[in-house]
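Peer 1: Below: one structure in structure tokens.
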Protein chains: 2
Amino acid sequence: MIKKIDHIAIVVHNIEEALQVYEGALGLELAEVKEVPEQAVRIAFLPIGESEIELVEPLTAESGIARFLEKRGEGLHHICLEVDDIEAALQDLAAQGIRLIDKQPRQGAHGRVAFLHPKSAHGVLIELIEKPR
Amino acid sequence: MIKKIDHIAIVVHNIEEALQVYEGALGLELAEVKEVPEQAVRIAFLPIGESEIELVEPLTAESGIARFLEKRGEGLHHICLEVDDIEAALQDLAAQGIRLIDKQPRQGAHGRVAFLHPKSAHGVLIELIEKPR
């Protein structure tokens, strides 16, 4: 069902400052920085092997990401796993009692995505993504 | 300098319970469960693409992992990035002002490892690993 880690998302106050570490010091390549207004965030995408690191910065003080920052500070936010068939995966997970934040997939920047509830995954916020072939 | 995500470590109270989700529901393969007495943990290794998910359970109430669990609960603990030359990487990072938890690499279960301080990586605990060729 799961093919690989698609990305690891890290919440930061300021993408440019975080890039000094992740691009500057660690030497990761910066592929792009993109605004995603419907989630009120900016995201920097840094490919690493078959995966990516995403640095996520809130655009407004009311966004979910801004609330996370205020409560927990900067750090790891979620992991995203790539699946072949997201409908089948969600159906299968629900049947096994896993709580879903998104019962139906929705369109994300790079494919159709859905989040599982961290209460069902031992404290980890897990996103699933099905990418266009 | 960085080749890929080697693993993502998730702290859990009980590996067998967590495997019901990560192996049972998500369908990841369990490669092995190993005790690492010098860190007072048990670790379950679940390969995923070119990376692994590690479920880490404390063996004693005094271990660093047990204190993390008590303070923050279950969830994402650190990410590990594979490098070609860990001495060169640490030297380079120190020269750029990154705080190192381990100034020299030490022997881990799967290679020579060193941790960077989360204060220098926007709240993320990053481990570097150099694997034997």
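Residue numbering restarts at 1 for every chain of the structure tokens, chains are lettered A, B, ... in their displayed order, and ligands are numbered from 1 as they appear.
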For chain A, work out the contacting residues on chain B at 7 Å, counting only C-alpha atoms, and write them as JSON, numbers by chain.
Peer 2: {"B": [1, 3, 4, 5, 12, 18, 21, 25, 27, 48, 49, 74, 75, 76, 93, 96, 121, 122, 123, 124]}
Peer 1: Can you pull out the residues contacting Arg133 (chain B)? Cut-off 12 Å, using only C-alpha atoms, and skip same-chain residues under 6 positions away; I want them as an MDAnalysis selection string.
Peer 2: chainID B and resid 83:85 110:112
Peer 1: Using N, CA, C and O atoms, can you write the selected residues to a file as a PDB file, in the first residue's frame?
Peer 2:
ATOM      1  N   VAL B  83      24.821  10.791   5.246  1.00  0.00           N
ATOM      2  CA  VAL B  83      25.897  11.555   4.604  1.00  0.00           C
ATOM      3  C   VAL B  83      27.004  10.592   4.173  1.00  0.00           C
ATOM      4  O   VAL B  83      27.109   9.479   4.676  1.00  0.00           O
ATOM      5  N   ASP B  84      27.831  11.061   3.242  1.00  0.00           N
ATOM      6  CA  ASP B  84      28.955  10.259   2.748  1.00  0.00           C
ATOM      7  C   ASP B  84      30.096  10.218   3.749  1.00  0.00           C
ATOM      8  O   ASP B  84      30.738   9.194   3.940  1.00  0.00           O
ATOM      9  N   ASP B  85      30.367  11.389   4.346  1.00  0.00           N
ATOM     10  CA  ASP B  85      31.566  11.535   5.176  1.00  0.00           C
ATOM     11  C   ASP B  85      31.157  12.324   6.415  1.00  0.00           C
ATOM     12  O   ASP B  85      31.009  13.555   6.377  1.00  0.00           O
ATOM     13  N   HIS B 110      23.649   0.946  12.992  1.00  0.00           N
ATOM     14  CA  HIS B 110      23.776   0.744  11.537  1.00  0.00           C
ATOM     15  C   HIS B 110      24.854   1.595  10.880  1.00  0.00           C
ATOM     16  O   HIS B 110      24.905   1.692   9.654  1.00  0.00           O
ATOM     17  N   GLY B 111      25.685   2.264  11.697  1.00  0.00           N
ATOM     18  CA  GLY B 111      26.731   3.096  11.109  1.00  0.00           C
ATOM     19  C   GLY B 111      27.224   4.083  12.143  1.00  0.00           C
ATOM     20  O   GLY B 111      26.824   4.018  13.318  1.00  0.00           O
ATOM     21  N   ARG B 112      28.083   5.007  11.739  1.00  0.00           N
ATOM     22  CA  ARG B 112      28.581   6.009  12.674  1.00  0.00           C
ATOM     23  C   ARG B 112      27.625   7.201  12.635  1.00  0.00           C
ATOM     24  O   ARG B 112      27.246   7.673  11.563  1.00  0.00           O
TER      25      ARG B 112
END
Peer 1: What is the distance, in Å and to one decimal place, between CA of Ala66 (chain A) and CA of Arg42 (chain A)?
Peer 2: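 Answer for the CA of Ala66 (chain A) to CA of Arg42 (chain A) separation: 11.7 Å.
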Peer 1: For Ala44 (chain A), list every protein, DNA or RNA residue within 7 Å, evaluated using only C-alpha atoms, and leave out those in the same chain fewer than 4 positions away; present the list as a list in words.
Peer 2: Ile15, Glu32, Val33, Lys34, Glu54, Leu55 and Val56 of chain A
Peer 1: Could you write those residues out with N, CA and C atoms, as a PDB file, in the first residue's frame?
Peer 2:
ATOM      1  N   ILE A  15      10.772  31.260   6.601  1.00  0.00           N
ATOM      2  CA  ILE A  15      11.424  30.346   5.650  1.00  0.00           C
ATOM      3  C   ILE A  15      12.848  30.794   5.330  1.00  0.00           C
ATOM      4  N   GLU A  32      11.747  25.020  -4.866  1.00  0.00           N
ATOM      5  CA  GLU A  32      10.876  26.191  -5.048  1.00  0.00           C
ATOM      6  C   GLU A  32      10.280  26.621  -3.718  1.00  0.00           C
ATOM      7  N   VAL A  33       9.790  27.859  -3.695  1.00  0.00           N
ATOM      8  CA  VAL A  33       9.008  28.357  -2.566  1.00  0.00           C
ATOM      9  C   VAL A  33       7.662  28.766  -3.141  1.00  0.00           C
ATOM     10  N   LYS A  34       6.595  28.287  -2.504  1.00  0.00           N
ATOM     11  CA  LYS A  34       5.271  28.435  -3.084  1.00  0.00           C
ATOM     12  C   LYS A  34       4.295  28.902  -2.013  1.00  0.00           C
ATOM     13  N   GLU A  54       9.891  19.782   3.602  1.00  0.00           N
ATOM     14  CA  GLU A  54       9.101  20.988   3.368  1.00  0.00           C
ATOM     15  C   GLU A  54       9.208  21.885   4.595  1.00  0.00           C
ATOM     16  N   LEU A  55       9.592  23.132   4.382  1.00  0.00           N
ATOM     17  CA  LEU A  55       9.589  24.133   5.448  1.00  0.00           C
ATOM     18  C   LEU A  55       8.308  24.938   5.289  1.00  0.00           C
ATOM     19  N   VAL A  56       7.493  24.957   6.333  1.00  0.00           N
ATOM     20  CA  VAL A  56       6.161  25.551   6.244  1.00  0.00           C
ATOM     21  C   VAL A  56       6.089  26.765   7.164  1.00  0.00           C
TER      22      VAL A  56
END
Peer 1: Tell me, in Å to one decimal, how far CA of Leu59 (chain A) is from CA of Lys131 (chain A).
Peer 2: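 Result for CA of Leu59 (chain A) versus CA of Lys131 (chain A): 25.9 Å, one decimal.
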Peer 1: Which parts of chain B does DSSP call strand (DSSP E or B) when run on the backbone here, written out as a PDB file with N, CA and C atoms, in the first residue's frame?
Peer 2:
ATOM      1  N   ILE B   2      24.270  15.519   1.689  1.00  0.00           N
ATOM      2  CA  ILE B   2      23.228  14.617   2.201  1.00  0.00           C
ATOM      3  C   ILE B   2      22.667  13.773   1.067  1.00  0.00           C
ATOM      4  N   LYS B   3      22.565  12.449   1.316  1.00  0.00           N
ATOM      5  CA  LYS B   3      22.131  11.525   0.274  1.00  0.00           C
ATOM      6  C   LYS B   3      20.638  11.237   0.320  1.00  0.00           C
ATOM      7  N   LYS B   4      20.109  11.031   1.491  1.00  0.00           N
ATOM      8  CA  LYS B   4      18.699  10.650   1.609  1.00  0.00           C
ATOM      9  C   LYS B   4      18.270  10.715   3.067  1.00  0.00           C
ATOM     10  N   ILE B   5      16.959  10.572   3.295  1.00  0.00           N
ATOM     11  CA  ILE B   5      16.436  10.363   4.649  1.00  0.00           C
ATOM     12  C   ILE B   5      16.719   8.916   5.010  1.00  0.00           C
ATOM     13  N   ASP B   6      17.517   8.694   6.039  1.00  0.00           N
ATOM     14  CA  ASP B   6      17.785   7.322   6.467  1.00  0.00           C
ATOM     15  C   ASP B   6      16.596   6.770   7.246  1.00  0.00           C
ATOM     16  N   HIS B   7      16.152   7.528   8.257  1.00  0.00           N
ATOM     17  CA  HIS B   7      14.956   7.090   8.979  1.00  0.00           C
ATOM     18  C   HIS B   7      14.270   8.256   9.680  1.00  0.00           C
ATOM     19  N   ILE B   8      13.023   7.987  10.061  1.00  0.00           N
ATOM     20  CA  ILE B   8      12.236   8.873  10.921  1.00  0.00           C
ATOM     21  C   ILE B   8      11.975   8.083  12.195  1.00  0.00           C
ATOM     22  N   ALA B   9      12.281   8.675  13.364  1.00  0.00           N
ATOM     23  CA  ALA B   9      12.085   7.965  14.630  1.00  0.00           C
ATOM     24  C   ALA B   9      10.847   8.485  15.348  1.00  0.00           C
ATOM     25  N   ILE B  10      10.014   7.548  15.774  1.00  0.00           N
ATOM     26  CA  ILE B  10       8.761   7.849  16.472  1.00  0.00           C
ATOM     27  C   ILE B  10       8.836   7.213  17.850  1.00  0.00           C
ATOM     28  N   VAL B  11       8.619   8.014  18.891  1.00  0.00           N
ATOM     29  CA  VAL B  11       8.645   7.483  20.258  1.00  0.00           C
ATOM     30  C   VAL B  11       7.261   6.944  20.614  1.00  0.00           C
ATOM     31  N   GLU B  32      12.822  -5.899  11.776  1.00  0.00           N
ATOM     32  CA  GLU B  32      13.301  -6.504  13.020  1.00  0.00           C
ATOM     33  C   GLU B  32      12.965  -5.625  14.216  1.00  0.00           C
ATOM     34  N   VAL B  33      12.998  -6.219  15.389  1.00  0.00           N
ATOM     35  CA  VAL B  33      12.900  -5.479  16.652  1.00  0.00           C
ATOM     36  C   VAL B  33      14.179  -5.782  17.422  1.00  0.00           C
ATOM     37  N   LYS B  34      14.835  -4.709  17.886  1.00  0.00           N
ATOM     38  CA  LYS B  34      16.173  -4.870  18.451  1.00  0.00           C
ATOM     39  C   LYS B  34      16.269  -4.078  19.750  1.00  0.00           C
ATOM     40  N   GLU B  35      16.884  -4.677  20.764  1.00  0.00           N
ATOM     41  CA  GLU B  35      17.178  -3.921  21.985  1.00  0.00           C
ATOM     42  C   GLU B  35      18.502  -3.205  21.824  1.00  0.00           C
ATOM     43  N   VAL B  36      18.552  -1.939  22.245  1.00  0.00           N
ATOM     44  CA  VAL B  36      19.808  -1.184  22.254  1.00  0.00           C
ATOM     45  C   VAL B  36      20.032  -0.762  23.706  1.00  0.00           C
ATOM     46  N   VAL B  41      16.651   1.487  25.098  1.00  0.00           N
ATOM     47  CA  VAL B  41      15.466   1.458  24.220  1.00  0.00           C
ATOM     48  C   VAL B  41      15.374   0.124  23.481  1.00  0.00           C
ATOM     49  N   ARG B  42      14.156  -0.159  23.018  1.00  0.00           N
ATOM     50  CA  ARG B  42      13.911  -1.188  22.005  1.00  0.00           C
ATOM     51  C   ARG B  42      13.467  -0.440  20.758  1.00  0.00           C
ATOM     52  N   ILE B  43      13.879  -0.932  19.584  1.00  0.00           N
ATOM     53  CA  ILE B  43      13.526  -0.253  18.330  1.00  0.00           C
ATOM     54  C   ILE B  43      12.958  -1.261  17.348  1.00  0.00           C
ATOM     55  N   ALA B  44      11.814  -0.910  16.729  1.00  0.00           N
ATOM     56  CA  ALA B  44      11.266  -1.689  15.613  1.00  0.00           C
ATOM     57  C   ALA B  44      11.613  -0.958  14.324  1.00  0.00           C
ATOM     58  N   PHE B  45      12.180  -1.691  13.366  1.00  0.00           N
ATOM     59  CA  PHE B  45      12.612  -1.103  12.093  1.00  0.00           C
ATOM     60  C   PHE B  45      11.634  -1.508  10.986  1.00  0.00           C
ATOM     61  N   LEU B  46      11.037  -0.500  10.335  1.00  0.00           N
ATOM     62  CA  LEU B  46      10.072  -0.766   9.268  1.00  0.00           C
ATOM     63  C   LEU B  46      10.527  -0.060   7.987  1.00  0.00           C
ATOM     64  N   PRO B  47      11.101  -0.799   7.037  1.00  0.00           N
ATOM     65  CA  PRO B  47      11.569  -0.178   5.802  1.00  0.00           C
ATOM     66  C   PRO B  47      10.403   0.451   5.032  1.00  0.00           C
ATOM     67  N   ILE B  48      10.682   1.577   4.360  1.00  0.00           N
ATOM     68  CA  ILE B  48       9.673   2.251   3.543  1.00  0.00           C
ATOM     69  C   ILE B  48      10.440   2.974   2.432  1.00  0.00           C
ATOM     70  N   SER B  51      14.027   4.497   2.815  1.00  0.00           N
ATOM     71  CA  SER B  51      14.165   4.941   4.207  1.00  0.00           C
ATOM     72  C   SER B  51      13.582   3.894   5.154  1.00  0.00           C
ATOM     73  N   GLU B  52      13.512   4.245   6.430  1.00  0.00           N
ATOM     74  CA  GLU B  52      12.868   3.382   7.413  1.00  0.00           C
ATOM     75  C   GLU B  52      12.077   4.240   8.388  1.00  0.00           C
ATOM     76  N   ILE B  53      11.043   3.656   8.944  1.00  0.00           N
ATOM     77  CA  ILE B  53      10.412   4.228  10.126  1.00  0.00           C
ATOM     78  C   ILE B  53      10.883   3.405  11.306  1.00  0.00           C
ATOM     79  N   GLU B  54      11.322   4.084  12.376  1.00  0.00           N
ATOM     80  CA  GLU B  54      11.748   3.394  13.589  1.00  0.00           C
ATOM     81  C   GLU B  54      10.772   3.735  14.710  1.00  0.00           C
ATOM     82  N   LEU B  55      10.228   2.708  15.341  1.00  0.00           N
ATOM     83  CA  LEU B  55       9.397   2.888  16.532  1.00  0.00           C
ATOM     84  C   LEU B  55      10.290   2.637  17.734  1.00  0.00           C
ATOM     85  N   VAL B  56      10.392   3.616  18.624  1.00  0.00           N
ATOM     86  CA  VAL B  56      11.351   3.561  19.735  1.00  0.00           C
ATOM     87  C   VAL B  56      10.592   3.525  21.055  1.00  0.00           C
ATOM     88  N   GLU B  57      10.872   2.509  21.846  1.00  0.00           N
ATOM     89  CA  GLU B  57      10.194   2.322  23.144  1.00  0.00           C
ATOM     90  C   GLU B  57      11.242   2.355  24.248  1.00  0.00           C
ATOM     91  N   PRO B  58      10.992   3.103  25.330  1.00  0.00           N
ATOM     92  CA  PRO B  58      11.986   3.149  26.420  1.00  0.00           C
ATOM     93  C   PRO B  58      12.009   1.831  27.194  1.00  0.00           C
ATOM     94  N   GLY B  75       5.031  10.424  19.645  1.00  0.00           N
ATOM     95  CA  GLY B  75       5.071  11.201  18.397  1.00  0.00           C
ATOM     96  C   GLY B  75       6.450  11.237  17.780  1.00  0.00           C
ATOM     97  N   LEU B  76       6.587  12.128  16.793  1.00  0.00           N
ATOM     98  CA  LEU B  76       7.846  12.263  16.053  1.00  0.00           C
ATOM     99  C   LEU B  76       8.968  12.691  16.998  1.00  0.00           C
ATOM    100  N   HIS B  77      10.114  12.036  16.909  1.00  0.00           N
ATOM    101  CA  HIS B  77      11.234  12.333  17.792  1.00  0.00           C
ATOM    102  C   HIS B  77      12.413  12.953  17.057  1.00  0.00           C
ATOM    103  N   HIS B  78      12.902  12.304  16.019  1.00  0.00           N
ATOM    104  CA  HIS B  78      13.991  12.891  15.227  1.00  0.00           C
ATOM    105  C   HIS B  78      13.980  12.352  13.811  1.00  0.00           C
ATOM    106  N   ILE B  79      14.740  13.016  12.932  1.00  0.00           N
ATOM    107  CA  ILE B  79      14.961  12.490  11.587  1.00  0.00           C
ATOM    108  C   ILE B  79      16.460  12.245  11.432  1.00  0.00           C
ATOM    109  N   CYS B  80      16.777  11.239  10.629  1.00  0.00           N
ATOM    110  CA  CYS B  80      18.186  10.896  10.415  1.00  0.00           C
ATOM    111  C   CYS B  80      18.501  10.999   8.928  1.00  0.00           C
ATOM    112  N   LEU B  81      19.545  11.754   8.611  1.00  0.00           N
ATOM    113  CA  LEU B  81      19.935  11.990   7.219  1.00  0.00           C
ATOM    114  C   LEU B  81      21.267  11.289   6.955  1.00  0.00           C
ATOM    115  N   GLU B  82      21.358  10.604   5.815  1.00  0.00           N
ATOM    116  CA  GLU B  82      22.599   9.890   5.494  1.00  0.00           C
ATOM    117  C   GLU B  82      23.577  10.806   4.774  1.00  0.00           C
ATOM    118  N   VAL B  83      24.821  10.791   5.246  1.00  0.00           N
ATOM    119  CA  VAL B  83      25.897  11.555   4.604  1.00  0.00           C
ATOM    120  C   VAL B  83      27.004  10.592   4.173  1.00  0.00           C
ATOM    121  N   LEU B 100      26.472  21.247  17.741  1.00  0.00           N
ATOM    122  CA  LEU B 100      26.475  19.791  17.651  1.00  0.00           C
ATOM    123  C   LEU B 100      26.276  19.192  19.039  1.00  0.00           C
ATOM    124  N   ARG B 106      29.815   8.689  16.843  1.00  0.00           N
ATOM    125  CA  ARG B 106      29.944   7.488  17.684  1.00  0.00           C
ATOM    126  C   ARG B 106      29.267   6.328  16.954  1.00  0.00           C
ATOM    127  N   GLN B 107      29.583   5.112  17.397  1.00  0.00           N
ATOM    128  CA  GLN B 107      29.072   3.937  16.698  1.00  0.00           C
ATOM    129  C   GLN B 107      27.607   3.716  17.039  1.00  0.00           C
ATOM    130  N   ARG B 112      28.083   5.007  11.739  1.00  0.00           N
ATOM    131  CA  ARG B 112      28.581   6.009  12.674  1.00  0.00           C
ATOM    132  C   ARG B 112      27.625   7.201  12.635  1.00  0.00           C
ATOM    133  N   VAL B 113      27.226   7.677  13.813  1.00  0.00           N
ATOM    134  CA  VAL B 113      26.167   8.679  13.914  1.00  0.00           C
ATOM    135  C   VAL B 113      26.580   9.859  14.773  1.00  0.00           C
ATOM    136  N   ALA B 114      25.866  10.986  14.579  1.00  0.00           N
ATOM    137  CA  ALA B 114      26.040  12.164  15.433  1.00  0.00           C
ATOM    138  C   ALA B 114      24.758  12.982  15.369  1.00  0.00           C
ATOM    139  N   PHE B 115      24.412  13.602  16.502  1.00  0.00           N
ATOM    140  CA  PHE B 115      23.208  14.433  16.558  1.00  0.00           C
ATOM    141  C   PHE B 115      23.570  15.918  16.526  1.00  0.00           C
ATOM    142  N   LEU B 116      22.740  16.687  15.799  1.00  0.00           N
ATOM    143  CA  LEU B 116      22.843  18.151  15.810  1.00  0.00           C
ATOM    144  C   LEU B 116      21.842  18.678  16.840  1.00  0.00           C
ATOM    145  N   ILE B 126      18.114  16.477  14.545  1.00  0.00           N
ATOM    146  CA  ILE B 126      18.625  15.827  13.331  1.00  0.00           C
ATOM    147  C   ILE B 126      19.813  14.948  13.687  1.00  0.00           C
ATOM    148  N   GLU B 127      19.739  13.701  13.258  1.00  0.00           N
ATOM    149  CA  GLU B 127      20.858  12.767  13.386  1.00  0.00           C
ATOM    150  C   GLU B 127      21.498  12.628  12.009  1.00  0.00           C
ATOM    151  N   LEU B 128      22.807  12.567  11.967  1.00  0.00           N
ATOM    152  CA  LEU B 128      23.507  12.232  10.718  1.00  0.00           C
ATOM    153  C   LEU B 128      24.051  10.816  10.859  1.00  0.00           C
ATOM    154  N   ILE B 129      24.060  10.077   9.746  1.00  0.00           N
ATOM    155  CA  ILE B 129      24.646   8.735   9.760  1.00  0.00           C
ATOM    156  C   ILE B 129      25.545   8.550   8.546  1.00  0.00           C
ATOM    157  N   GLU B 130      26.697   7.944   8.792  1.00  0.00           N
ATOM    158  CA  GLU B 130      27.535   7.466   7.686  1.00  0.00           C
ATOM    159  C   GLU B 130      27.538   5.955   7.770  1.00  0.00           C
TER     160      GLU B 130
END
Peer 1: From a DSSP pass on the backbone, collect the residues of chain B flagged as alpha helix (DSSP H) and hand them back as a list in words.
Peer 2: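 For chain B, the alpha helix (DSSP H) set is Ile15, Glu16, Glu17, Ala18, Leu19, Gly64, Ile65, Ala66, Arg67, Phe68, Leu69, Glu70, Lys71, Arg72, Ile86, Glu87, Ala88, Ala89, Leu90, Gln91, Asp92, Leu93, Ala94 and Ala95 of chain B.
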Peer 1: For Pro37 (chain A), which residue out of A:Glu87, A:His117, A:Lys103, A:Ser63 is the nearest one, using only C-alpha atoms?
Peer 2: A:Ser63
